[in-house]
>>> print(open('entry03.cif').read())   # mmCIF, C-alpha atoms
data_target
loop_
_atom_site.label_atom_id
_atom_site.label_comp_id
_atom_site.auth_asym_id
_atom_site.auth_seq_id
_atom_site.Cartn_x
_atom_site.Cartn_y
_atom_site.Cartn_z
CA MET A 27 15.07 22.34 -14.62
CA LEU A 28 14.99 18.55 -14.69
CA GLU A 29 18.40 18.24 -13.04
CA VAL A 30 17.32 20.47 -10.15
CA ALA A 31 14.11 18.46 -9.71
CA ALA A 32 16.09 15.22 -9.80
CA TRP A 33 18.48 16.51 -7.12
CA ILE A 34 15.59 17.57 -4.84
CA ALA A 35 13.81 14.26 -5.37
CA GLY A 36 17.02 12.33 -4.76
CA ILE A 37 17.68 14.11 -1.47
CA LEU A 38 14.08 13.44 -0.35
CA LEU A 39 14.45 9.75 -1.26
CA GLY A 40 17.75 9.53 0.62
CA LEU A 41 16.20 10.95 3.79
CA ALA A 42 13.23 8.61 3.36
CA THR A 43 15.60 5.62 3.07
CA VAL A 44 17.33 6.53 6.34
CA LEU A 45 14.01 6.89 8.18
CA VAL A 46 12.64 3.60 6.81
CA ILE A 47 15.82 1.72 7.77
CA ILE A 48 15.52 3.12 11.31
CA ARG A 49 11.96 1.74 11.38
CA ILE A 50 13.15 -1.65 10.07
CA MET A 51 15.73 -1.84 12.86
CA ARG A 52 13.34 -0.73 15.60
CA GLY A 53 10.02 -2.21 14.41
CA PRO A 54 8.26 -3.93 17.32
CA SER A 55 6.83 -6.73 15.18
CA ILE A 56 7.73 -8.54 11.98
CA LEU A 57 4.63 -7.04 10.32
CA GLU A 58 5.98 -3.53 10.76
CA ARG A 59 9.26 -4.63 9.25
CA ALA A 60 7.32 -6.09 6.30
CA ILE A 61 5.51 -2.79 5.72
CA ALA A 62 8.78 -0.87 6.03
CA MET A 63 10.32 -3.22 3.46
CA ASP A 64 7.40 -2.42 1.14
CA VAL A 65 8.08 1.30 1.55
CA LEU A 66 11.79 0.67 0.88
CA LEU A 67 10.85 -1.15 -2.33
CA ALA A 68 8.61 1.80 -3.30
CA ILE A 69 11.57 4.14 -2.72
CA ILE A 70 13.78 1.98 -4.97
CA ILE A 71 11.10 2.02 -7.68
CA ALA A 72 10.86 5.80 -7.32
CA ALA A 73 14.63 6.16 -7.75
CA LEU A 74 14.55 4.01 -10.89
CA CYS A 75 11.64 6.04 -12.31
CA ILE A 76 13.53 9.30 -11.67
CA ASP A 77 16.59 7.88 -13.43
CA MET A 78 14.45 6.85 -16.40
CA ALA A 79 12.70 10.23 -16.61
CA VAL A 80 15.89 12.28 -16.41
CA GLY A 81 17.96 10.04 -18.69
CA GLN A 82 15.05 9.48 -21.11
CA HIS A 83 15.55 5.74 -21.39
CA THR A 84 13.41 2.71 -20.54
CA ASN A 85 16.07 0.35 -19.19
CA HIS A 86 14.50 -0.20 -15.75
CA LEU A 87 10.87 -0.51 -16.85
CA ALA A 88 10.83 -4.32 -16.60
CA PHE A 89 12.24 -4.20 -13.08
CA VAL A 90 9.56 -1.70 -12.05
CA VAL A 91 6.83 -4.13 -13.14
CA VAL A 92 8.55 -7.09 -11.46
CA ALA A 93 9.14 -5.15 -8.23
CA CYS A 94 5.42 -4.35 -7.96
CA VAL A 95 4.70 -8.10 -7.92
CA LEU A 96 7.61 -8.87 -5.58
CA GLY A 97 6.42 -6.51 -2.86
CA PHE A 98 2.95 -8.03 -2.99
CA ILE A 99 4.20 -11.62 -2.75
CA GLY A 100 6.60 -10.74 0.07
CA SER A 101 4.16 -9.04 2.39
CA VAL A 102 1.37 -11.56 1.75
CA THR A 103 3.71 -14.49 2.45
CA ILE A 104 5.00 -12.96 5.69
CA SER A 105 1.55 -12.08 7.01
CA ARG A 106 0.19 -15.51 6.05
CA TYR A 107 2.60 -17.19 8.45
CA VAL A 108 2.27 -14.71 11.32
CA THR A 109 -0.14 -16.42 13.71
CA ASP A 110 -1.18 -15.94 17.29
CA ARG A 111 0.76 -18.48 19.33
CA ARG A 112 -0.97 -17.51 22.58
CA ASN A 113 -4.25 -19.13 21.53
CA SER A 114 -3.05 -22.30 19.83
CA MET B 15 17.64 27.67 -18.14
CA SER B 16 17.64 30.91 -20.12
CA ALA B 17 14.56 32.98 -20.88
CA GLU B 18 13.28 30.91 -23.76
CA PRO B 19 9.75 31.18 -25.16
CA LEU B 20 7.01 28.99 -23.75
CA THR B 21 7.32 25.92 -25.92
CA TRP B 22 5.78 22.47 -25.58
CA ASP B 23 9.13 21.06 -24.45
CA LEU B 24 9.37 23.58 -21.63
CA ILE B 25 5.85 22.82 -20.40
CA ARG B 26 6.61 19.10 -20.57
CA ASP B 27 9.80 19.53 -18.55
CA ALA B 28 8.00 21.65 -15.95
CA VAL B 29 5.22 19.09 -15.49
CA THR B 30 7.82 16.30 -15.27
CA ALA B 31 9.80 18.22 -12.63
CA VAL B 32 6.69 18.78 -10.51
CA CYS B 33 5.71 15.10 -10.82
CA LEU B 34 9.20 13.95 -9.80
CA VAL B 35 9.39 16.19 -6.74
CA VAL B 36 5.85 15.42 -5.52
CA GLY B 37 6.36 11.69 -6.12
CA ALA B 38 9.55 11.73 -4.07
CA LEU B 39 7.75 13.79 -1.42
CA MET B 40 5.20 10.95 -1.13
CA SER B 41 8.01 8.50 -0.30
CA PHE B 42 9.43 10.93 2.25
CA ALA B 43 6.01 11.44 3.86
CA ALA B 44 5.54 7.68 4.06
CA ALA B 45 8.91 7.23 5.75
CA LEU B 46 8.16 10.05 8.19
CA GLY B 47 4.78 8.50 8.96
CA MET B 48 6.36 5.09 9.51
CA LEU B 49 8.60 6.64 12.18
CA ARG B 50 6.10 8.99 13.83
CA PHE B 51 2.77 7.15 13.92
CA PRO B 52 1.89 5.18 17.05
CA ASP B 53 0.76 1.70 15.96
CA LEU B 54 0.64 -0.81 13.09
CA LEU B 55 -2.65 0.26 11.50
CA SER B 56 -1.81 3.97 11.33
CA ARG B 57 1.66 3.15 9.99
CA MET B 58 0.02 1.11 7.24
CA HIS B 59 -2.05 4.17 6.34
CA ALA B 60 1.14 6.15 5.79
CA ALA B 61 2.90 3.35 3.93
CA THR B 62 0.40 3.15 1.05
CA LYS B 63 1.04 6.70 -0.21
CA PRO B 64 4.14 6.07 -2.37
CA GLN B 65 2.80 2.75 -3.63
CA VAL B 66 -0.23 4.22 -5.40
CA LEU B 67 -0.14 8.02 -5.77
CA GLY B 68 3.65 8.35 -5.78
CA LEU B 69 4.02 5.59 -8.37
CA LEU B 70 1.32 7.22 -10.53
CA LEU B 71 3.11 10.58 -10.53
CA LEU B 72 6.51 9.03 -11.27
CA LEU B 73 5.13 6.89 -14.11
CA ILE B 74 3.46 10.00 -15.59
CA ALA B 75 6.86 11.72 -15.45
CA VAL B 76 8.52 8.77 -17.23
CA GLY B 77 5.80 8.66 -19.87
CA LEU B 78 6.08 12.39 -20.54
CA GLN B 79 9.84 12.26 -20.93
CA ILE B 80 9.91 9.16 -23.15
CA GLY B 81 7.16 10.72 -25.27
CA SER B 82 6.24 7.56 -27.13
CA TRP B 83 2.91 5.71 -27.12
CA ALA B 84 4.75 2.38 -27.13
CA VAL B 85 5.64 2.55 -23.42
CA VAL B 86 2.20 3.69 -22.24
CA PRO B 87 0.64 0.18 -22.00
CA LEU B 88 3.54 -1.04 -19.85
CA LEU B 89 3.29 2.00 -17.55
CA VAL B 90 -0.47 1.55 -17.19
CA PHE B 91 0.06 -2.17 -16.52
CA ALA B 92 2.62 -1.47 -13.78
CA TRP B 93 0.29 1.01 -12.10
CA LEU B 94 -2.81 -1.21 -12.36
CA LEU B 95 -0.80 -4.12 -10.95
CA GLN B 96 0.14 -2.01 -7.94
CA LEU B 97 -3.43 -0.72 -7.63
CA VAL B 98 -4.82 -4.28 -7.51
CA THR B 99 -2.20 -5.82 -5.23
CA ALA B 100 -1.83 -3.02 -2.65
CA PRO B 101 -5.29 -3.51 -1.03
CA VAL B 102 -4.81 -7.30 -0.91
CA SER B 103 -1.46 -7.13 0.85
CA ALA B 104 -2.71 -4.37 3.18
CA HIS B 105 -5.69 -6.58 4.06
CA MET B 106 -3.44 -9.57 4.81
CA VAL B 107 -1.04 -7.54 6.94
CA SER B 108 -3.78 -5.80 8.93
CA ARG B 109 -5.60 -9.11 9.44
CA ALA B 110 -2.47 -10.74 10.86
CA GLY B 111 -1.78 -7.61 12.90
CA TYR B 112 -5.27 -7.62 14.41
CA ARG B 113 -5.18 -11.32 15.23
CA THR B 114 -1.78 -11.00 16.91
CA ARG B 115 -2.91 -7.84 18.76
CA HIS B 116 -0.28 -5.49 17.32
CA LEU B 117 -2.54 -2.47 17.65
CA ARG B 118 -3.51 0.07 20.24
CA ARG B 119 -7.12 -0.27 21.33
CA ASP B 120 -7.32 3.27 22.69
CA THR B 121 -6.68 4.82 19.26
CA LEU B 122 -9.61 3.01 17.61
CA GLN B 123 -12.82 4.95 17.04
CA ARG B 124 -14.92 1.82 16.56
CA ASP B 125 -14.09 -1.87 16.26
CA ASP B 126 -16.46 -3.93 14.12
CA LEU B 127 -14.15 -6.93 14.13
CA ASP B 128 -13.99 -7.35 17.89
CA ALA B 129 -17.16 -9.44 18.30
CA VAL B 130 -16.31 -11.74 15.39
CA VAL B 131 -12.77 -12.46 16.57
CA ARG B 132 -13.87 -12.93 20.16
CA ALA B 133 -16.62 -15.42 19.18
CA HIS B 134 -14.16 -17.35 17.03
CA THR B 135 -11.50 -17.60 19.73
CA GLU B 136 -14.05 -18.68 22.34
CA LYS B 137 -15.32 -21.38 20.00
CA SER B 138 -11.83 -22.69 19.33
CA ASP B 139 -10.80 -22.73 23.00
#
>>> encode(input="entry03.cif", output="structure tokens")
Amino acid sequence: MLEVAAWIAGILLGLATVLVIIRIMRGPSILERAIAMDVLLAIIIAALCIDMAVGQHTNHLAFVVVACVLGFIGSVTISRYVTDRRNS
Amino acid sequence: MSAEPLTWDLIRDAVTAVCLVVGALMSFAAALGMLRFPDLLSRMHAATKPQVLGLLLLLIAVGLQIGSWAVVPLLVFAWLLQLVTAPVSAHMVSRAGYRTRHLRRDTLQRDDLDAVVRAHTEKSD
């Protein structure tokens, strides 16, 4: 049962990765690329969690915690330095 | 999977399988929303699904399969960290997006920020 669920989840995550990368390539602004990068990081975390649940180990748990912080720092830093040049 | 009696292990595996599939479905829905929705603010709405609900389901699946109380504090910490930081980063991104006009005015129902931003830009001009 778990293997079937892992296959279905893996296929869904693969499709999601393709769609998010299309959005990263197209994205009209850098903010959209930042959000798409956040979603990509969430997909990577999801893949690691599926691997941990199916293999019954905790090898990637530290990376999951670190990745939560990394996504936050990344998007906040990018949006901090996006300013409106037309007014200044 | 043969026809075995309904044991605790079987229930645990079934709940884990459902959590895994629904958690992955959240990521897929977010990616689909990123591609289909019209502007920055609605895309942000789609993007927050896997970060909070999807992560919760996947961490529940991990906790069920590990089956030890020792990992539960770390899982709760990871989820709470995401729960605290997701609104902050969403606020920063939407603030920068509004100020740089990366949104479609015609899709907004109401705009409480318009007067504030307009007064500020007129003062600074």
>>> closest_residue(input="entry03.cif", among="B:Cys33, B:Leu127, B:Val66, B:Val107", to="chain A", atoms="all atoms listed in the file")
B:Val107
>>> closest_residue(input="entry03.cif", among="B:Leu72, B:Val85, B:Thr114, B:Val98", to="Val95 in chain A", atoms="all atoms listed in the file")
B:Val98
>>> residues_around(input="entry03.cif", residues="Trp33 in chain A", least_positions_apart="2", cutoff="12 Å", atoms="only C-alpha atoms", output="list of chain:residue names")
A:Met27, A:Leu28, A:Glu29, A:Val30, A:Ala31, A:Ala35, A:Gly36, A:Ile37, A:Leu38, A:Leu39, A:Gly40, A:Ala73, A:Ile76, A:Asp77, A:Val80, B:Ala31, B:Leu34, B:Val35, B:Ala38
>>> closest_residue(input="entry03.cif", among="B:Gln79, B:Thr30, B:Thr135, B:Gln65", to="Ala100 in chain B", atoms="only C-alpha atoms")
B:Gln65
>>> closest_atom_pairs(input="entry03.cif", of="chain A", to="chain B", cutoff="8 Å", atoms="only C-alpha atoms", output="Markdown table")
| residue | atom | partner | partner_atom | distance |
| --- | --- | --- | --- | --- |
| A:Met27 | CA | B:Met15 | CA | 6.9 |
| A:Leu28 | CA | B:Ala31 | CA | 5.6 |
| A:Ala31 | CA | B:Ala31 | CA | 5.2 |
| A:Ala32 | CA | B:Leu34 | CA | 7.0 |
| A:Ile34 | CA | B:Val35 | CA | 6.6 |
| A:Ala35 | CA | B:Val35 | CA | 5.0 |
| A:Gly36 | CA | B:Ala38 | CA | 7.5 |
| A:Leu38 | CA | B:Phe42 | CA | 5.9 |
| A:Leu39 | CA | B:Ala38 | CA | 6.0 |
| A:Leu41 | CA | B:Phe42 | CA | 6.9 |
| A:Ala42 | CA | B:Phe42 | CA | 4.6 |
| A:Thr43 | CA | B:Ala45 | CA | 7.4 |
| A:Leu45 | CA | B:Ala45 | CA | 5.7 |
| A:Val46 | CA | B:Ala45 | CA | 5.3 |
| A:Ile48 | CA | B:Leu49 | CA | 7.8 |
| A:Arg49 | CA | B:Leu49 | CA | 6.0 |
| A:Ser55 | CA | B:His116 | CA | 7.5 |
| A:Leu57 | CA | B:Val107 | CA | 6.6 |
| A:Glu58 | CA | B:Leu54 | CA | 6.4 |
| A:Ile61 | CA | B:Met58 | CA | 6.9 |
| A:Ala62 | CA | B:Met48 | CA | 7.3 |
| A:Asp64 | CA | B:Ala61 | CA | 7.8 |
| A:Val65 | CA | B:Ala61 | CA | 6.1 |
| A:Ala68 | CA | B:Gln65 | CA | 5.9 |
| A:Ile69 | CA | B:Ser41 | CA | 6.1 |
| A:Ile71 | CA | B:Leu69 | CA | 8.0 |
| A:Ala72 | CA | B:Leu72 | CA | 6.7 |
| A:Cys75 | CA | B:Leu72 | CA | 6.0 |
| A:Ile76 | CA | B:Leu34 | CA | 6.6 |
| A:Met78 | CA | B:Val76 | CA | 6.3 |
| A:Ala79 | CA | B:Val76 | CA | 4.5 |
| A:Val80 | CA | B:Gln79 | CA | 7.6 |
| A:Gln82 | CA | B:Ile80 | CA | 5.5 |
| A:His83 | CA | B:Ile80 | CA | 6.8 |
| A:Thr84 | CA | B:Ile80 | CA | 7.8 |
| A:Leu87 | CA | B:Leu88 | CA | 7.9 |
| A:Val90 | CA | B:Ala92 | CA | 7.2 |
| A:Val91 | CA | B:Ala92 | CA | 5.0 |
| A:Cys94 | CA | B:Gln96 | CA | 5.8 |
| A:Val95 | CA | B:Leu95 | CA | 7.4 |
| A:Phe98 | CA | B:Ser103 | CA | 5.9 |
| A:Ser101 | CA | B:Ser103 | CA | 6.1 |
| A:Val102 | CA | B:Ser103 | CA | 5.3 |
| A:Ser105 | CA | B:Val107 | CA | 5.2 |
| A:Arg106 | CA | B:Met106 | CA | 7.1 |
| A:Val108 | CA | B:Ala110 | CA | 6.2 |
| A:Thr109 | CA | B:Thr114 | CA | 6.5 |
| A:Asp110 | CA | B:Thr114 | CA | 5.0 |
| A:Asn113 | CA | B:Asp139 | CA | 7.6 |
>>> atom_distance(input="entry03.cif", atom1="CA of Tyr107 in chain A", atom2="CA of Ile56 in chain A")
10.7 Å
>>> atom_distance(input="entry03.cif", atom1="CA of Ala60 in chain A", atom2="CA of Ile47 in chain A")
11.6 Å
>>> atom_distance(input="entry03.cif", atom1="CA of Trp22 in chain B", atom2="CA of Ser82 in chain B")
15.0 Å
>>> decode(input="entry03.cif", residues="range 55-71 of chain A", atoms="N, CA, C and O atoms", output="PDB file, in the first residue's frame")
ATOM      1  N   SER A  55       7.747  38.906 -13.194  1.00  0.00           N
ATOM      2  CA  SER A  55       8.575  39.701 -12.289  1.00  0.00           C
ATOM      3  C   SER A  55       9.429  38.774 -11.435  1.00  0.00           C
ATOM      4  O   SER A  55       9.217  37.566 -11.371  1.00  0.00           O
ATOM      5  N   ILE A  56      10.405  39.380 -10.753  1.00  0.00           N
ATOM      6  CA  ILE A  56      11.290  38.593  -9.893  1.00  0.00           C
ATOM      7  C   ILE A  56      10.524  38.071  -8.680  1.00  0.00           C
ATOM      8  O   ILE A  56      10.856  37.015  -8.130  1.00  0.00           O
ATOM      9  N   LEU A  57       9.432  38.775  -8.285  1.00  0.00           N
ATOM     10  CA  LEU A  57       8.665  38.314  -7.124  1.00  0.00           C
ATOM     11  C   LEU A  57       7.967  36.994  -7.432  1.00  0.00           C
ATOM     12  O   LEU A  57       7.914  36.094  -6.585  1.00  0.00           O
ATOM     13  N   GLU A  58       7.455  36.876  -8.665  1.00  0.00           N
ATOM     14  CA  GLU A  58       6.817  35.612  -9.022  1.00  0.00           C
ATOM     15  C   GLU A  58       7.821  34.468  -9.050  1.00  0.00           C
ATOM     16  O   GLU A  58       7.527  33.346  -8.672  1.00  0.00           O
ATOM     17  N   ARG A  59       9.040  34.789  -9.514  1.00  0.00           N
ATOM     18  CA  ARG A  59      10.078  33.749  -9.490  1.00  0.00           C
ATOM     19  C   ARG A  59      10.415  33.362  -8.061  1.00  0.00           C
ATOM     20  O   ARG A  59      10.675  32.183  -7.770  1.00  0.00           O
ATOM     21  N   ALA A  60      10.402  34.356  -7.138  1.00  0.00           N
ATOM     22  CA  ALA A  60      10.690  34.040  -5.733  1.00  0.00           C
ATOM     23  C   ALA A  60       9.624  33.114  -5.154  1.00  0.00           C
ATOM     24  O   ALA A  60       9.938  32.135  -4.461  1.00  0.00           O
ATOM     25  N   ILE A  61       8.338  33.406  -5.463  1.00  0.00           N
ATOM     26  CA  ILE A  61       7.273  32.540  -4.954  1.00  0.00           C
ATOM     27  C   ILE A  61       7.388  31.148  -5.555  1.00  0.00           C
ATOM     28  O   ILE A  61       7.239  30.138  -4.867  1.00  0.00           O
ATOM     29  N   ALA A  62       7.704  31.085  -6.864  1.00  0.00           N
ATOM     30  CA  ALA A  62       7.830  29.778  -7.508  1.00  0.00           C
ATOM     31  C   ALA A  62       8.992  28.991  -6.903  1.00  0.00           C
ATOM     32  O   ALA A  62       8.916  27.773  -6.743  1.00  0.00           O
ATOM     33  N   MET A  63      10.068  29.705  -6.541  1.00  0.00           N
ATOM     34  CA  MET A  63      11.188  29.033  -5.861  1.00  0.00           C
ATOM     35  C   MET A  63      10.753  28.472  -4.509  1.00  0.00           C
ATOM     36  O   MET A  63      11.175  27.386  -4.109  1.00  0.00           O
ATOM     37  N   ASP A  64       9.899  29.234  -3.804  1.00  0.00           N
ATOM     38  CA  ASP A  64       9.366  28.742  -2.530  1.00  0.00           C
ATOM     39  C   ASP A  64       8.566  27.456  -2.730  1.00  0.00           C
ATOM     40  O   ASP A  64       8.694  26.511  -1.946  1.00  0.00           O
ATOM     41  N   VAL A  65       7.733  27.436  -3.782  1.00  0.00           N
ATOM     42  CA  VAL A  65       6.950  26.233  -4.056  1.00  0.00           C
ATOM     43  C   VAL A  65       7.875  25.077  -4.412  1.00  0.00           C
ATOM     44  O   VAL A  65       7.652  23.933  -3.993  1.00  0.00           O
ATOM     45  N   LEU A  66       8.947  25.376  -5.172  1.00  0.00           N
ATOM     46  CA  LEU A  66       9.901  24.321  -5.534  1.00  0.00           C
ATOM     47  C   LEU A  66      10.559  23.749  -4.288  1.00  0.00           C
ATOM     48  O   LEU A  66      10.741  22.533  -4.156  1.00  0.00           O
ATOM     49  N   LEU A  67      10.897  24.641  -3.334  1.00  0.00           N
ATOM     50  CA  LEU A  67      11.479  24.171  -2.071  1.00  0.00           C
ATOM     51  C   LEU A  67      10.485  23.312  -1.295  1.00  0.00           C
ATOM     52  O   LEU A  67      10.860  22.282  -0.712  1.00  0.00           O
ATOM     53  N   ALA A  68       9.185  23.710  -1.333  1.00  0.00           N
ATOM     54  CA  ALA A  68       8.157  22.907  -0.658  1.00  0.00           C
ATOM     55  C   ALA A  68       8.044  21.534  -1.309  1.00  0.00           C
ATOM     56  O   ALA A  68       7.821  20.528  -0.614  1.00  0.00           O
ATOM     57  N   ILE A  69       8.212  21.474  -2.651  1.00  0.00           N
ATOM     58  CA  ILE A  69       8.144  20.188  -3.340  1.00  0.00           C
ATOM     59  C   ILE A  69       9.319  19.305  -2.928  1.00  0.00           C
ATOM     60  O   ILE A  69       9.176  18.103  -2.694  1.00  0.00           O
ATOM     61  N   ILE A  70      10.522  19.922  -2.797  1.00  0.00           N
ATOM     62  CA  ILE A  70      11.694  19.149  -2.381  1.00  0.00           C
ATOM     63  C   ILE A  70      11.496  18.606  -0.967  1.00  0.00           C
ATOM     64  O   ILE A  70      11.783  17.433  -0.681  1.00  0.00           O
ATOM     65  N   ILE A  71      10.951  19.459  -0.069  1.00  0.00           N
ATOM     66  CA  ILE A  71      10.675  19.004   1.292  1.00  0.00           C
ATOM     67  C   ILE A  71       9.681  17.855   1.280  1.00  0.00           C
ATOM     68  O   ILE A  71       9.826  16.869   2.008  1.00  0.00           O
TER      69      ILE A  71
END
